[in-house]
Structure formats: structure tokens, C-alpha cells
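Text of the file start.cif, holding mmCIF, C-alpha atoms:
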```cif
data_entry
loop_
_atom_site.label_atom_id
_atom_site.label_comp_id
_atom_site.auth_asym_id
_atom_site.auth_seq_id
_atom_site.Cartn_x
_atom_site.Cartn_y
_atom_site.Cartn_z
CA MET X 582 27.55 15.66 3.65
CA GLU X 583 24.88 14.40 1.27
CA GLN X 584 22.45 12.43 3.42
CA LYS X 585 19.80 10.11 2.17
CA PRO X 586 16.43 11.60 3.06
CA HIS X 587 13.93 9.65 5.12
CA GLU X 588 10.89 8.52 3.15
CA ASP X 589 8.83 11.05 5.11
CA GLN X 590 10.64 13.77 3.17
CA LEU X 591 7.42 13.81 1.16
CA TYR X 592 5.82 15.88 3.92
CA ILE X 593 8.57 18.46 3.57
CA GLU X 594 8.01 18.47 -0.18
CA ALA X 595 4.30 18.93 0.39
CA LEU X 596 4.97 22.04 2.47
CA LEU X 597 7.15 23.42 -0.32
CA LYS X 598 4.55 22.67 -2.94
CA ASN X 599 1.52 23.61 -0.85
CA ASP X 600 0.14 20.15 -1.66
CA SER X 601 -3.04 20.16 0.36
CA LYS X 602 -3.71 16.50 -0.20
CA VAL X 603 -0.48 15.37 1.45
CA LEU X 604 -0.72 18.16 4.02
CA SER X 605 -4.12 16.90 5.04
CA GLU X 606 -2.43 13.58 5.79
CA ILE X 607 -0.27 15.40 8.31
CA TYR X 608 -3.35 16.79 10.00
CA LYS X 609 -5.18 13.50 9.82
CA SER X 610 -2.40 11.27 11.06
CA PHE X 611 -0.09 13.29 13.23
CA THR X 612 -1.96 16.04 15.01
CA ARG X 613 -4.18 14.10 17.37
CA LYS X 614 -1.54 13.49 19.99
CA ILE X 615 -0.31 17.06 19.75
CA VAL X 616 -3.81 18.34 20.37
CA SER X 617 -4.20 16.10 23.39
CA PHE X 618 -0.81 17.08 24.70
CA VAL X 619 -1.74 20.75 24.52
CA LYS X 620 -5.17 20.13 26.01
CA ASN X 621 -3.68 18.14 28.86
CA ASN X 622 -1.33 20.98 29.59
CA ASN X 623 -3.42 24.10 30.07
CA GLY X 624 -4.25 24.67 26.43
CA ASN X 625 -7.24 24.35 24.14
CA SER X 626 -7.66 23.29 20.54
CA ASP X 627 -7.08 26.83 19.24
CA ASP X 628 -3.70 26.83 20.95
CA ALA X 629 -2.95 23.45 19.44
CA GLN X 630 -3.91 24.63 15.98
CA ASP X 631 -1.66 27.67 16.27
CA ILE X 632 1.27 25.67 17.54
CA ILE X 633 0.88 23.14 14.76
CA GLN X 634 0.59 25.79 12.07
CA GLU X 635 3.55 27.82 13.27
CA THR X 636 5.67 24.70 13.48
CA LEU X 637 4.79 23.72 9.93
CA VAL X 638 5.51 27.22 8.65
CA THR X 639 8.90 27.14 10.35
CA ILE X 640 9.69 23.79 8.74
CA TYR X 641 8.63 25.31 5.41
CA HIS X 642 11.01 28.26 5.85
CA GLN X 643 13.84 26.02 6.87
CA ALA X 644 13.24 23.78 3.87
CA LYS X 645 13.08 26.78 1.53
CA GLU X 646 16.21 28.41 2.79
CA LYS X 647 18.34 25.50 3.91
CA ASN X 648 17.15 22.51 1.93
CA LEU X 649 16.02 20.69 5.02
CA VAL X 650 16.67 16.97 4.64
CA LEU X 651 14.66 14.83 6.99
CA THR X 652 16.66 11.96 8.45
CA CYS X 653 14.10 10.64 10.92
CA PRO X 654 10.36 9.94 10.83
CA PHE X 655 8.36 13.12 10.39
CA ASP X 656 5.89 12.21 13.11
CA ALA X 657 8.45 12.07 15.91
CA TYR X 658 10.27 15.20 14.78
CA PHE X 659 7.06 17.16 14.37
CA PHE X 660 5.67 16.08 17.72
CA LEU X 661 8.88 17.00 19.49
CA LEU X 662 8.85 20.46 17.92
CA CYS X 663 5.20 21.15 18.72
CA LYS X 664 5.58 19.88 22.25
CA ARG X 665 8.53 22.12 23.03
CA LYS X 666 6.94 25.07 21.32
CA TRP X 667 3.91 24.67 23.55
CA LEU X 668 6.05 24.37 26.67
CA ASN X 669 7.81 27.60 25.68
CA GLU X 670 4.49 29.26 25.11
CA LEU X 671 3.34 28.20 28.57
CA LYS X 672 6.47 29.68 30.06
CA LYS X 673 5.77 32.95 28.27
CA ARG X 674 2.25 32.93 29.65
CA GLY X 675 3.63 32.48 33.13
CA HIS X 676 2.40 28.96 33.73
CA ASN X 677 5.54 27.95 35.47
CA ARG X 678 4.15 25.50 37.91
CA VAL X 679 2.25 23.28 35.52
CA THR X 680 2.56 19.57 35.82
CA ILE X 681 3.43 18.32 32.41
CA VAL X 682 1.27 15.41 31.44
CA GLU X 683 2.81 13.31 28.75
CA GLU X 684 3.22 9.76 27.80
CA ILE X 685 6.76 8.57 27.93
CA THR X 686 8.15 8.41 24.46
CA SER X 687 11.71 7.66 23.67
CA VAL X 688 13.45 10.23 21.53
CA THR X 689 16.33 9.12 19.38
CA GLU X 690 19.45 11.18 18.93
CA GLU X 691 18.59 11.70 15.31
CA GLN X 692 15.17 13.13 16.17
CA GLU X 693 16.67 15.27 18.86
CA SER X 694 19.24 16.78 16.54
CA MET X 695 16.74 17.35 13.71
CA ALA X 696 14.44 19.14 16.11
CA GLU X 697 17.24 21.17 17.56
CA GLU X 698 18.37 22.31 14.15
CA THR X 699 14.87 23.54 13.39
CA GLU X 700 14.60 25.29 16.73
CA ILE X 701 17.84 27.15 16.20
CA PHE X 702 16.73 28.04 12.70
CA GLU X 703 13.52 29.44 14.10
CA LEU X 704 15.22 31.45 16.82
CA GLN X 705 17.51 32.96 14.25
CA HIS X 706 14.67 33.66 11.87
CA GLN X 707 12.71 35.44 14.60
CA LEU X 708 15.73 37.40 15.72
CA PHE X 709 16.46 38.58 12.19
CA GLU X 710 12.88 39.53 11.67
CA SER X 711 12.64 41.55 14.85
CA LYS X 712 15.92 43.35 14.22
CA PHE X 713 14.87 44.11 10.68
CA LYS X 714 11.91 45.97 12.14
CA GLU X 715 14.25 48.05 14.24
CA LEU X 716 15.90 49.45 11.11
CA GLY X 717 14.84 52.85 9.83
CA LYS X 718 12.16 53.05 7.20
CA LYS X 719 14.60 53.86 4.42
CA CYS X 720 16.71 50.79 5.12
CA GLN X 721 13.69 48.54 5.36
CA GLU X 722 12.49 49.77 2.00
CA MET X 723 15.93 49.41 0.49
CA LEU X 724 16.39 45.83 1.65
CA ASN X 725 12.89 44.85 0.80
CA ALA X 726 13.46 46.03 -2.77
CA ALA X 727 16.96 44.56 -2.94
CA PHE X 728 15.79 41.05 -2.02
CA LYS X 729 12.56 41.07 -3.91
CA ILE X 730 13.78 42.54 -7.14
CA LYS X 731 17.15 40.75 -7.20
CA SER X 732 18.87 42.82 -9.86
CA MET X 733 20.39 45.87 -8.24
CA GLU X 734 20.10 47.81 -11.50
CA GLU X 735 16.35 47.34 -11.31
CA VAL X 736 16.34 48.22 -7.63
CA ALA X 737 18.13 51.50 -8.39
CA LYS X 738 15.62 52.31 -11.10
CA PHE X 739 12.75 51.39 -8.82
CA LEU X 740 13.98 53.62 -6.01
CA GLY X 741 15.03 56.39 -8.38
CA VAL X 742 18.68 56.40 -7.33
CA SER X 743 21.96 55.61 -9.08
CA TYR X 744 23.24 52.05 -9.23
CA GLY X 745 26.33 52.92 -7.20
CA TYR X 746 24.25 54.58 -4.52
CA ALA X 747 21.87 51.63 -4.37
CA ARG X 748 24.74 49.19 -3.91
CA LYS X 749 26.37 51.32 -1.26
CA SER X 750 23.23 51.89 0.74
CA LYS X 751 22.21 48.26 0.55
CA SER X 752 25.47 47.11 2.12
CA GLU X 753 25.27 49.89 4.70
CA CYS X 754 21.78 48.85 5.71
CA MET X 755 22.92 45.24 5.91
CA GLY X 756 25.82 46.45 8.05
CA LYS X 757 23.46 48.21 10.45
CA LEU X 758 21.37 45.10 10.68
CA THR X 759 24.46 42.98 11.29
CA GLN X 760 25.37 45.17 14.25
CA LEU X 761 21.83 45.11 15.63
CA VAL X 762 21.90 41.33 15.55
CA LYS X 763 25.39 41.05 16.93
CA ASN X 764 24.60 43.25 19.91
CA SER X 765 21.37 41.52 20.87
CA LYS X 766 21.21 39.16 23.80
CA GLU X 767 19.25 36.67 21.72
CA TYR X 768 22.22 36.38 19.40
CA LEU X 769 24.49 35.45 22.28
CA HIS X 770 21.93 32.89 23.30
CA ILE X 771 21.82 31.33 19.85
CA LYS X 772 25.58 31.40 19.60
CA ALA X 773 25.84 29.52 22.87
CA GLN X 774 23.81 26.59 21.54
CA MET B 529 36.09 51.68 7.86
CA GLN B 530 32.97 49.83 8.94
CA LYS B 531 31.18 50.87 5.77
CA GLU B 532 34.08 49.65 3.67
CA LYS B 533 33.85 46.30 5.40
CA TYR B 534 30.23 45.79 4.48
CA ILE B 535 30.84 46.80 0.89
CA ARG B 536 33.53 44.12 0.78
CA PHE B 537 31.14 41.56 2.25
CA ASP B 538 28.61 42.43 -0.40
CA ARG B 539 31.11 42.21 -3.22
CA TYR B 540 32.54 38.95 -1.90
CA LEU B 541 29.07 37.37 -1.76
CA ASN B 542 28.36 38.66 -5.25
CA ASN B 543 31.59 37.18 -6.60
CA GLU B 544 32.83 40.57 -7.64
CA LEU B 545 36.28 40.55 -6.04
CA SER B 546 39.47 39.91 -7.97
CA GLU B 547 41.53 36.83 -7.16
CA GLY B 548 43.93 38.88 -5.06
CA GLU B 549 41.09 40.51 -3.14
CA ILE B 550 39.48 37.13 -2.51
CA ASN B 551 42.73 35.77 -1.09
CA SER B 552 43.19 38.63 1.30
CA PHE B 553 39.51 38.48 2.26
CA GLU B 554 39.79 34.80 3.12
CA GLU B 555 43.02 35.37 4.97
CA GLN B 556 41.29 37.92 7.13
CA LEU B 557 38.43 35.51 7.84
CA LYS B 558 41.02 33.14 9.29
CA SER B 559 42.99 35.63 11.29
CA ASP B 560 40.38 38.15 12.43
CA ALA B 561 37.66 36.59 14.61
CA ASP B 562 35.60 39.75 14.79
CA PHE B 563 35.69 40.15 11.02
CA LYS B 564 34.68 36.52 10.68
CA GLU B 565 31.78 36.89 13.09
CA ASP B 566 30.47 39.97 11.29
CA PHE B 567 30.72 38.21 7.98
CA GLU B 568 28.87 35.17 9.25
CA ILE B 569 26.02 37.28 10.55
CA TYR B 570 25.99 39.36 7.38
CA SER B 571 25.74 36.33 5.12
CA ALA B 572 23.19 34.59 7.34
CA LEU B 573 21.07 37.74 7.18
CA GLU B 574 21.50 37.90 3.44
CA SER B 575 20.28 34.35 2.96
CA SER B 576 17.48 34.65 5.48
CA LEU B 577 16.08 37.92 4.16
CA ARG B 578 16.36 36.80 0.57
CA SER B 579 14.39 33.66 1.32
CA LYS B 580 11.87 35.56 3.39
CA PHE B 581 11.15 38.23 0.80
CA GLU B 582 11.22 35.93 -2.17
CA ASN B 583 8.75 33.54 -0.59
CA GLU B 584 6.51 35.99 1.17
CA GLU B 585 3.46 35.31 -0.97
CA GLU B 586 4.04 31.60 -1.15
CA ALA B 587 4.24 31.44 2.64
CA LEU B 588 0.95 33.29 2.90
CA VAL B 589 -0.74 30.81 0.58
CA LEU B 590 0.64 27.97 2.66
CA ARG B 591 -0.69 29.57 5.83
CA LYS B 592 -4.11 29.73 4.27
CA THR B 593 -3.99 26.03 3.39
CA LEU B 594 -2.81 25.13 6.87
CA SER B 595 -5.41 27.18 8.64
CA ASP B 596 -8.15 25.61 6.51
CA LEU B 597 -6.84 22.14 7.30
CA GLY B 598 -6.47 23.08 10.95
CA SER B 599 -10.02 24.27 11.35
CA HIS B 600 -11.19 21.26 9.44
CA TYR B 601 -9.28 18.54 11.27
CA ILE B 602 -8.65 20.05 14.65
CA LYS B 603 -11.66 22.17 15.38
CA GLN B 604 -14.27 20.07 13.65
CA GLY B 605 -15.09 18.16 16.81
CA GLU B 606 -16.02 21.39 18.46
CA ASN B 607 -18.13 22.74 15.66
CA ASP B 608 -21.06 20.48 16.39
CA LYS B 609 -22.82 23.09 18.36
CA LYS B 610 -22.62 25.73 15.70
CA GLU B 611 -25.76 26.46 13.81
CA THR B 612 -25.73 24.89 10.41
CA LYS B 613 -28.54 24.34 8.05
CA VAL B 614 -28.93 22.71 4.72
CA ILE B 615 -30.98 24.96 2.55
CA SER B 616 -31.08 23.18 -0.72
CA LEU B 617 -34.12 20.98 -0.35
CA PHE B 618 -36.13 23.03 -2.76
CA ARG B 619 -33.45 22.88 -5.37
CA PHE B 620 -33.02 19.21 -4.64
CA ARG B 621 -36.69 18.59 -5.36
CA ASN B 622 -36.46 20.32 -8.72
CA LEU B 623 -33.42 18.34 -9.61
CA MET B 624 -35.17 15.13 -8.77
CA ILE B 625 -38.05 15.93 -11.07
CA ALA B 626 -35.61 16.70 -13.85
CA ALA B 627 -33.73 13.52 -13.14
CA SER B 628 -36.87 11.39 -13.17
CA ILE B 629 -37.74 12.73 -16.56
CA ALA B 630 -34.23 12.04 -17.78
CA LEU B 631 -34.49 8.53 -16.44
CA LEU B 632 -37.75 7.89 -18.22
CA ILE B 633 -36.38 9.11 -21.49
CA GLY B 634 -33.43 6.83 -20.93
CA PHE B 635 -35.70 3.83 -20.59
CA PHE B 636 -37.43 4.47 -23.84
CA LEU B 637 -34.13 4.76 -25.60
CA PHE B 638 -32.24 1.72 -24.53
CA ASN B 639 -33.92 -0.40 -22.01
CA ASN B 640 -36.01 -2.97 -23.73
CA GLY B 641 -36.06 -6.68 -23.24
CA ARG B 642 -33.21 -7.33 -20.87
CA SER B 643 -33.32 -7.80 -17.17
CA PRO B 644 -32.79 -4.60 -15.29
CA VAL B 645 -29.45 -4.06 -13.67
CA TYR B 646 -28.51 -1.66 -10.98
CA ASP B 647 -26.44 0.55 -13.28
CA ASP B 648 -29.45 1.31 -15.45
CA PHE B 649 -31.25 2.82 -12.52
CA ALA B 650 -28.48 4.18 -10.40
CA GLN B 651 -28.37 7.65 -11.82
CA HIS B 652 -27.66 9.84 -8.88
CA ASN B 653 -28.41 13.49 -8.76
CA SER B 654 -25.26 15.43 -8.45
CA LEU B 655 -24.42 16.42 -4.94
CA GLU B 656 -24.83 20.10 -4.29
CA LEU B 657 -24.81 20.85 -0.63
CA ALA B 658 -25.43 24.39 0.40
CA VAL B 659 -24.30 24.34 3.94
CA ARG B 660 -24.12 27.43 6.04
CA GLY B 661 -21.29 27.23 8.48
CA ASP B 662 -17.56 27.00 8.20
CA ASN B 663 -16.95 23.53 6.96
CA ASN B 664 -16.86 24.53 3.34
CA GLU B 665 -13.77 22.58 2.56
CA ALA B 666 -15.30 19.24 3.35
CA VAL B 667 -18.42 20.32 1.50
CA SER B 668 -16.62 21.15 -1.70
CA LYS B 669 -14.42 18.08 -1.45
CA ALA B 670 -17.44 15.88 -0.92
CA GLU B 671 -19.23 17.42 -3.89
CA ALA B 672 -16.22 17.13 -6.16
CA ALA B 673 -15.59 13.53 -5.16
CA PHE B 674 -19.19 12.40 -5.39
CA ASN B 675 -19.88 14.12 -8.68
CA SER B 676 -16.80 12.60 -10.24
CA LYS B 677 -17.84 9.17 -8.95
CA ASN B 678 -14.90 8.93 -6.58
CA TYR B 679 -17.04 7.28 -3.96
CA GLU B 680 -14.26 6.33 -1.60
CA GLU B 681 -13.24 9.93 -1.16
CA ALA B 682 -16.88 11.02 -1.10
CA LEU B 683 -17.51 8.53 1.69
CA LYS B 684 -14.61 9.94 3.65
CA GLN B 685 -15.71 13.55 3.30
CA LEU B 686 -19.39 12.78 3.86
CA THR B 687 -18.53 10.85 7.00
CA ILE B 688 -16.77 13.93 8.33
CA LEU B 689 -19.75 16.06 7.39
CA SER B 690 -22.27 13.70 8.88
CA ASN B 691 -20.38 13.69 12.16
CA ASN B 692 -20.70 17.44 12.16
CA TYR B 693 -24.30 17.54 11.03
CA PRO B 694 -25.80 14.31 12.31
CA ASN B 695 -29.35 15.45 11.62
CA ASP B 696 -28.77 16.37 8.04
CA THR B 697 -30.68 13.87 5.90
CA GLU B 698 -29.24 15.04 2.63
CA ILE B 699 -25.72 14.30 3.81
CA SER B 700 -26.89 10.94 5.19
CA LEU B 701 -28.57 10.04 1.94
CA TYR B 702 -25.43 10.68 -0.08
CA LEU B 703 -23.40 8.84 2.50
CA GLY B 704 -25.72 5.90 1.93
CA ILE B 705 -25.40 6.17 -1.84
CA SER B 706 -21.62 6.19 -1.53
CA GLN B 707 -21.76 3.08 0.65
CA LEU B 708 -24.02 1.45 -1.90
CA GLU B 709 -21.65 2.32 -4.74
CA LEU B 710 -18.84 0.75 -2.77
CA ASN B 711 -20.93 -2.39 -2.21
CA ASN B 712 -21.18 -1.88 1.52
CA TYR B 713 -24.75 -3.05 1.48
CA ALA B 714 -25.39 -3.44 5.19
CA GLU B 715 -24.16 0.09 5.93
CA ALA B 716 -26.14 1.50 3.04
CA GLU B 717 -29.30 -0.25 4.11
CA THR B 718 -29.01 0.98 7.69
CA ILE B 719 -28.73 4.56 6.48
CA PHE B 720 -31.63 4.29 4.03
CA ASN B 721 -33.77 2.66 6.70
CA ALA B 722 -33.07 5.48 9.09
CA ILE B 723 -34.04 8.12 6.54
CA SER B 724 -37.10 6.32 5.24
CA GLY B 725 -38.30 5.81 8.79
CA GLY B 726 -38.25 9.53 9.40
CA ASN B 727 -40.48 12.15 7.89
CA SER B 728 -38.01 14.23 5.94
CA ALA B 729 -38.55 15.23 2.34
CA LEU B 730 -36.06 12.55 1.42
CA ALA B 731 -37.90 9.64 3.02
CA THR B 732 -39.22 8.13 -0.23
CA LYS B 733 -35.96 8.81 -1.97
CA ALA B 734 -34.38 6.62 0.69
CA VAL B 735 -36.98 3.92 0.05
CA TRP B 736 -36.07 4.02 -3.62
CA TYR B 737 -32.42 3.64 -2.78
CA LYS B 738 -33.21 0.77 -0.47
CA ALA B 739 -34.81 -0.94 -3.43
CA LEU B 740 -31.68 -0.23 -5.47
CA THR B 741 -29.59 -1.74 -2.69
CA PHE B 742 -31.46 -5.01 -3.14
CA LEU B 743 -31.36 -4.73 -6.90
CA LYS B 744 -27.61 -4.40 -6.87
CA GLN B 745 -27.37 -7.56 -4.79
CA LYS B 746 -29.76 -9.25 -7.23
CA LYS B 747 -32.25 -9.79 -4.42
CA LEU B 748 -35.08 -9.16 -6.81
CA GLU B 749 -37.99 -10.29 -4.64
CA GLU B 750 -37.01 -7.97 -1.82
CA CYS B 751 -36.48 -5.21 -4.31
CA LYS B 752 -39.99 -5.62 -5.67
CA GLU B 753 -41.53 -5.61 -2.21
CA ILE B 754 -39.86 -2.33 -1.41
CA LEU B 755 -40.81 -0.73 -4.71
CA LYS B 756 -44.46 -1.48 -4.08
CA THR B 757 -44.40 0.69 -0.99
CA ILE B 758 -43.57 3.82 -2.98
CA PRO B 759 -46.81 5.81 -3.24
CA GLU B 760 -48.14 7.13 -6.50
CA SER B 761 -47.75 10.68 -5.32
CA ALA B 762 -44.01 10.29 -4.83
CA GLU B 763 -41.50 11.73 -7.22
CA GLU B 764 -39.83 8.35 -7.36
CA TYR B 765 -43.03 6.63 -8.45
CA PRO B 766 -42.36 6.70 -12.22
CA GLN B 767 -38.95 5.14 -11.75
CA ALA B 768 -40.31 2.62 -9.27
CA LYS B 769 -43.12 1.64 -11.58
CA SER B 770 -40.77 1.25 -14.47
CA LEU B 771 -38.35 -0.90 -12.50
CA LEU B 772 -41.18 -2.98 -11.12
CA LYS B 773 -42.39 -3.63 -14.64
CA LYS B 774 -38.96 -4.86 -15.68
CA LEU B 775 -38.80 -7.16 -12.70
CA SER B 776 -42.12 -8.87 -13.18
#
```
If you convert what's in this file into C-alpha cells, what do you get?
Amino acid sequence: MEQKPHEDQLYIEALLKNDSKVLSEIYKSFTRKIVSFVKNNNGNSDDAQDIIQETLVTIYHQAKEKNLVLTCPFDAYFFLLCKRKWLNELKKRGHNRVTIVEEITSVTEEQESMAEETEIFELQHQLFESKFKELGKKCQEMLNAAFKIKSMEEVAKFLGVSYGYARKSKSECMGKLTQLVKNSKEYLHIKAQ
Amino acid sequence: MQKEKYIRFDRYLNNELSEGEINSFEEQLKSDADFKEDFEIYSALESSLRSKFENEEEALVLRKTLSDLGSHYIKQGENDKKETKVISLFRFRNLMIAASIALLIGFFLFNNGRSPVYDDFAQHNSLELAVRGDNNEAVSKAEAAFNSKNYEEALKQLTILSNNYPNDTEISLYLGISQLELNNYAEAETIFNAISGGNSALATKAVWYKALTFLKQKKLEECKEILKTIPESAEEYPQAKSLLKKLS
């Protein structure tokens, strides 16, 4: 399954390393058409900036968690993601009857599948985050400590409970969260993709 | 029963099960679809939350970088109208006096008997822009680049700044100096002409730089003509006089 990364992988690396020099290249070279797409479709430059930033943060999270390997040019992938994110945003705002102004660009299968992978990642990420917030305070605290501190011995010490109790309540909280996710309609939606 | 299940998930993911337990766990994954689904969600949550919490601060730092870049590259076109003022002219003047003195001392030390070259005179004051407004990133980048003699980058940043603050003569002047350093004489000259034609505090400074532009191209006659127009009262007069002396 080891795929050779596209040379534009450097942009993914830059997100991971917070390399502002390379990141500024992204803004310099790739954002103009996104901004005009948003502006041509009921948005302004603030909207464009938000869409661009959220997209980049999502790519960052995907790269952190899943070792995202780019197999197509960054530009095309990034544009596709921003474009769809903006269209979704418009839907949320109730702009259903907008005429979408866009130049016709051909999208390769590779770009399509890269973008789709990121979109599913994002949906899942958002779902997990929102369900996490539905947990009780105790569970949120428990999991927060468990994932930040790593060693469960330390977590137990930190929370002032026994190691056995910490382990047990961590897996119980995770169990609750699992059920919250499983019973959500968003989960069914993601599963269907 | 449910609780037991999650404890098993946790122990499986932590590699804490015995070989026998692992086998029966994996058997169940194959035969029990519901068990499998729960486990998949459980482990996806585990990986997602771990990554989220471990990288929380890093993600915040990244957001900061991105929002700076965003306001710089995306909103800059719309910032033109915002009020921005350069307030460092006074400081600039003091620096120039100090620099002129430094230049003069320099001449006494090393500059006897050979024909003057541009490098002897091209001692630029360091760029210190105090701009009010929200384009501080370009400002600090421009300063850093210019002061470390990275004129290509300085030119880039100053061009951005001068688009935002077209009436700012200090930015223009340094833009001109960067052009001059990069041997883009025509561009440099146009900028210096524009400043010297105005009545800003930097007008004579621009005349001086126009002279340097000719000096660097070894157009010595033109250089002299320009130098002669610098009035005695100007801060640049000592330098101009000294250069003129070398040229004649």
C-alpha cells in the first residue's frame, strides 16, 4: 500500500511543521481562484479566508493522524476541497437557488478520491468532536487526561484515583462515546459513503 | 456485558491480551458484525481523540500562522482604505544624521586616492517602519529582509506594502533602494524621481539616491550633475560634497 508521494507533499509537510515560508506559497499561488470562486458565489473575502483556513486545518489533522500521502497536485486537491466546502456552507445558509459560477476544470479520478478521503475524514472528525461534547463532564475530563497524559498510571495519579479505576472508567467513557457515535444519523451517513 | 466488551477493546488495543484471548477476540471480530462495528468505532475514536488532544496546541499555533497569512494575502487588497500612518520620520531624521557622521568618519579612514565606487557610499540606514495598521507581518518581514541585505525578499515585501500604502514615501524610498541594489536602475530611478519631485521630508534623500543610481552605473557626469542640486542645508550635503570631491 506504500504509495509514492506527489512532489507537492511538501505543502503537507509544511502544515505539519508550521513552516510559514512554504505556507505563504500556498496563499500566494493557490488561493486566488478560491477567493474568486467564493466571491462569484455569494461570498466575500472573509468567507474565502475562513474556508481556506478550515480546509488547511483539516488537511493538517488528517496528515497528523493518518499520514496523509498526497498522490495528486496539491492545487487541484485543495481547490476541490475549498469549493465543495463553500457549496456546503451556502446550503447551510439556505442559498439553495444560487447559480454556481465556475470555470470548467477537469477533475481526475485521483484528485476526486483524495478529496473524498479528506471529506470523509473531516465528517468523522466533526462527528467525534460533537459527540465528545455530549459526554458528561467526568468522562470528558477522564478522556482528556487519558489522551494527553498517555500513561494511565500518571492519569490515575493526576485524577486522584486508583490505576484500576482509571482504566475501567476510561474504557467505559469510550464505550459511551462509541454508542453515541453509533446511534447518530451522521454516522449512518458516513458509513454509507 | 457491555462494560466488559469495552475493557476488552481497551486491552486489545494496548496489547495486553494473552495469545488465547487475542485469538478469540479476532474470531469474534470475524463472526460478530455488531462486535466488529463497535470495535471499529471504538478504535477510530481512540486514534482521533489521541491525535486531537496531543496536537491541540500545535493546531492552535498553525491556526495563528494561517490566519496571519490569510489576512495578509487575502484581505490585503481590501485594506487600502484603512487608516495607516508612518510615524517614524522623526526617528528617521535622527538616524540619518548619525549615518552621515558615520559616513564621514568612514571616508577619513579608508577612502583616499581611489575612484569612488557605489559600495563606498551605499550605506543604507536600517529599515525601521513603524506602521499603524494590521499589516505587521509584511512590515517585519520587509525590515528583516532589508536589514540583512536580502534585497530580493525586501523588494517583494515592500512591493506588497507599497500597494497598501501608496502614499508612503518611506516605503517607496526603500523600495527604490532595493531596486537599486538589485541593479534595476530604471525602476529605481523612477521611484527616486517621484519622491524627489514631491515635498516630503525624504525628497533630498531621494535625490542623493538618484545620484547613487548613476554612480553605480558609472555614469559619473550625470551623478555629478545631480549631486550639485543638493542644497547646503540638506542632511545629505556632507556626503554629496564628499562624493563630488572624489569625482572631480
Got a sec to pull out which chain B residues are within 6 Å of chain X, counting all atoms listed in the file, and send them as JSON, numbers by chain? {"B": [534, 535, 569, 570, 578, 579, 581, 582, 590, 598]}
Using all atoms listed in the file, pick whichever of B:Leu541, B:Ser599, B:Lys773, B:Thr697 has the shortest atom-to-atom distance to Ser728 (chain B).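 So, comparing all the options, the nearest one is B:Thr697.
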Pick from B:Leu573, B:Ile723, B:Ala587, B:Leu755, whichever lies nearest to Asn695 (chain B) using all atoms listed in the file: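 For Asn695 (chain B), the nearest of the given residues is B:Ile723.
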What separation in Å, quoted to one decimal, exists between CA of Leu651 (chain X) and CA of Ser694 (chain X)? 10.8 Å
Shell of 9 Å around Cys751 (chain B), all atoms listed in the file, local chain residues under 4 positions omitted, as a PDB file with C-alpha atoms, in the frame of the given file:
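The resulting around-v9.pdb:
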```pdb
ATOM      1  CA  LYS B 738     -33.210   0.770  -0.470  1.00  0.00           C
ATOM      2  CA  ALA B 739     -34.810  -0.940  -3.430  1.00  0.00           C
ATOM      3  CA  LEU B 740     -31.680  -0.230  -5.470  1.00  0.00           C
ATOM      4  CA  THR B 741     -29.590  -1.740  -2.690  1.00  0.00           C
ATOM      5  CA  PHE B 742     -31.460  -5.010  -3.140  1.00  0.00           C
ATOM      6  CA  LEU B 743     -31.360  -4.730  -6.900  1.00  0.00           C
ATOM      7  CA  LYS B 746     -29.760  -9.250  -7.230  1.00  0.00           C
ATOM      8  CA  LYS B 747     -32.250  -9.790  -4.420  1.00  0.00           C
ATOM      9  CA  LEU B 755     -40.810  -0.730  -4.710  1.00  0.00           C
ATOM     10  CA  LYS B 756     -44.460  -1.480  -4.080  1.00  0.00           C
ATOM     11  CA  LEU B 772     -41.180  -2.980 -11.120  1.00  0.00           C
ATOM     12  CA  LEU B 775     -38.800  -7.160 -12.700  1.00  0.00           C
TER      13      LEU B 775
END
```
Just the residues within 10 Å of Glu670 (chain X), please, counting only C-alpha atoms, with nothing from its chain fewer than 4 positions along; format it as a PDB file with C-alpha atoms, in the frame of the given file.
```pdb
ATOM      1  CA  GLY X 624      -4.250  24.670  26.430  1.00  0.00           C
ATOM      2  CA  ASP X 628      -3.700  26.830  20.950  1.00  0.00           C
ATOM      3  CA  ILE X 632       1.270  25.670  17.540  1.00  0.00           C
ATOM      4  CA  LYS X 664       5.580  19.880  22.250  1.00  0.00           C
ATOM      5  CA  ARG X 665       8.530  22.120  23.030  1.00  0.00           C
ATOM      6  CA  LYS X 666       6.940  25.070  21.320  1.00  0.00           C
ATOM      7  CA  ARG X 674       2.250  32.930  29.650  1.00  0.00           C
ATOM      8  CA  GLY X 675       3.630  32.480  33.130  1.00  0.00           C
ATOM      9  CA  HIS X 676       2.400  28.960  33.730  1.00  0.00           C
TER      10      HIS X 676
END
```
Could you work out how far CA of Glu698 (chain X) lies from CA of Phe563 (chain B), giving the answer in Å with one decimal? 25.1 Å
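Here CA of Glu703 (chain X) stands at a distance of 24.6 Å from CA of Asp538 (chain B).
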Which is closest to Leu769 (chain X) among X:Ile615, X:Val688, X:Val650, X:Leu704, if we use all atoms listed in the file? X:Leu704
Of the listed residues X:Ile701, X:Leu708, X:Leu649, X:Val619, that which approaches Leu668 (chain X) most closely, counting all atoms listed in the file: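 That would be X:Val619, the residue with the smallest distance to Leu668 (chain X).
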Could you write out as a PyMOL selection string the residues that the PyMOL selection byres ((chain B and resi 645) around 10) matches in the shown file? chain B and resi 642-644+646-650+740+743-746+771+774-775
Which residues are near Tyr679 (chain B)? Cut-off 9 Å, all atoms listed in the file, ignore same chain within fewer than 3 positions. Put them as a list of chain:residue names.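 Near Tyr679 (chain B), the qualifying residues are B:Ala673, B:Phe674, B:Asn675, B:Ser676, B:Ala682, B:Leu683, B:Lys684, B:Ile705, B:Ser706, B:Gln707, B:Glu709, B:Leu710.
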Selection under test: the PyMOL selection byres ((chain X and resi 691) around 12); residues as a PyMOL selection string: chain X and resi 587+651-655+657-658+661+687-690+692-698
Residue completion, region 700-706 of chain B, N, CA, C and O atoms, as a tab-separated table (two decimals), keeping the file's coordinate frame:
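Result went into result.tsv, see below:
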```tsv
chain	number	residue	atom	x	y	z
B	700	SER	N	-26.74	12.38	4.93
B	700	SER	CA	-26.89	10.94	5.19
B	700	SER	C	-27.22	10.18	3.92
B	700	SER	O	-26.65	9.12	3.66
B	701	LEU	N	-28.15	10.74	3.15
B	701	LEU	CA	-28.57	10.04	1.94
B	701	LEU	C	-27.37	9.80	1.01
B	701	LEU	O	-27.16	8.69	0.52
B	702	TYR	N	-26.58	10.82	0.82
B	702	TYR	CA	-25.43	10.68	-0.08
B	702	TYR	C	-24.35	9.78	0.52
B	702	TYR	O	-23.63	9.09	-0.21
B	703	LEU	N	-24.28	9.78	1.82
B	703	LEU	CA	-23.40	8.84	2.50
B	703	LEU	C	-23.85	7.42	2.18
B	703	LEU	O	-23.05	6.55	1.83
B	704	GLY	N	-25.16	7.21	2.25
B	704	GLY	CA	-25.72	5.90	1.93
B	704	GLY	C	-25.44	5.50	0.48
B	704	GLY	O	-25.04	4.38	0.20
B	705	ILE	N	-25.63	6.46	-0.42
B	705	ILE	CA	-25.40	6.17	-1.84
B	705	ILE	C	-23.93	5.79	-2.06
B	705	ILE	O	-23.62	4.85	-2.79
B	706	SER	N	-23.04	6.51	-1.38
B	706	SER	CA	-21.62	6.19	-1.53
B	706	SER	C	-21.33	4.78	-1.02
B	706	SER	O	-20.59	4.02	-1.64
```
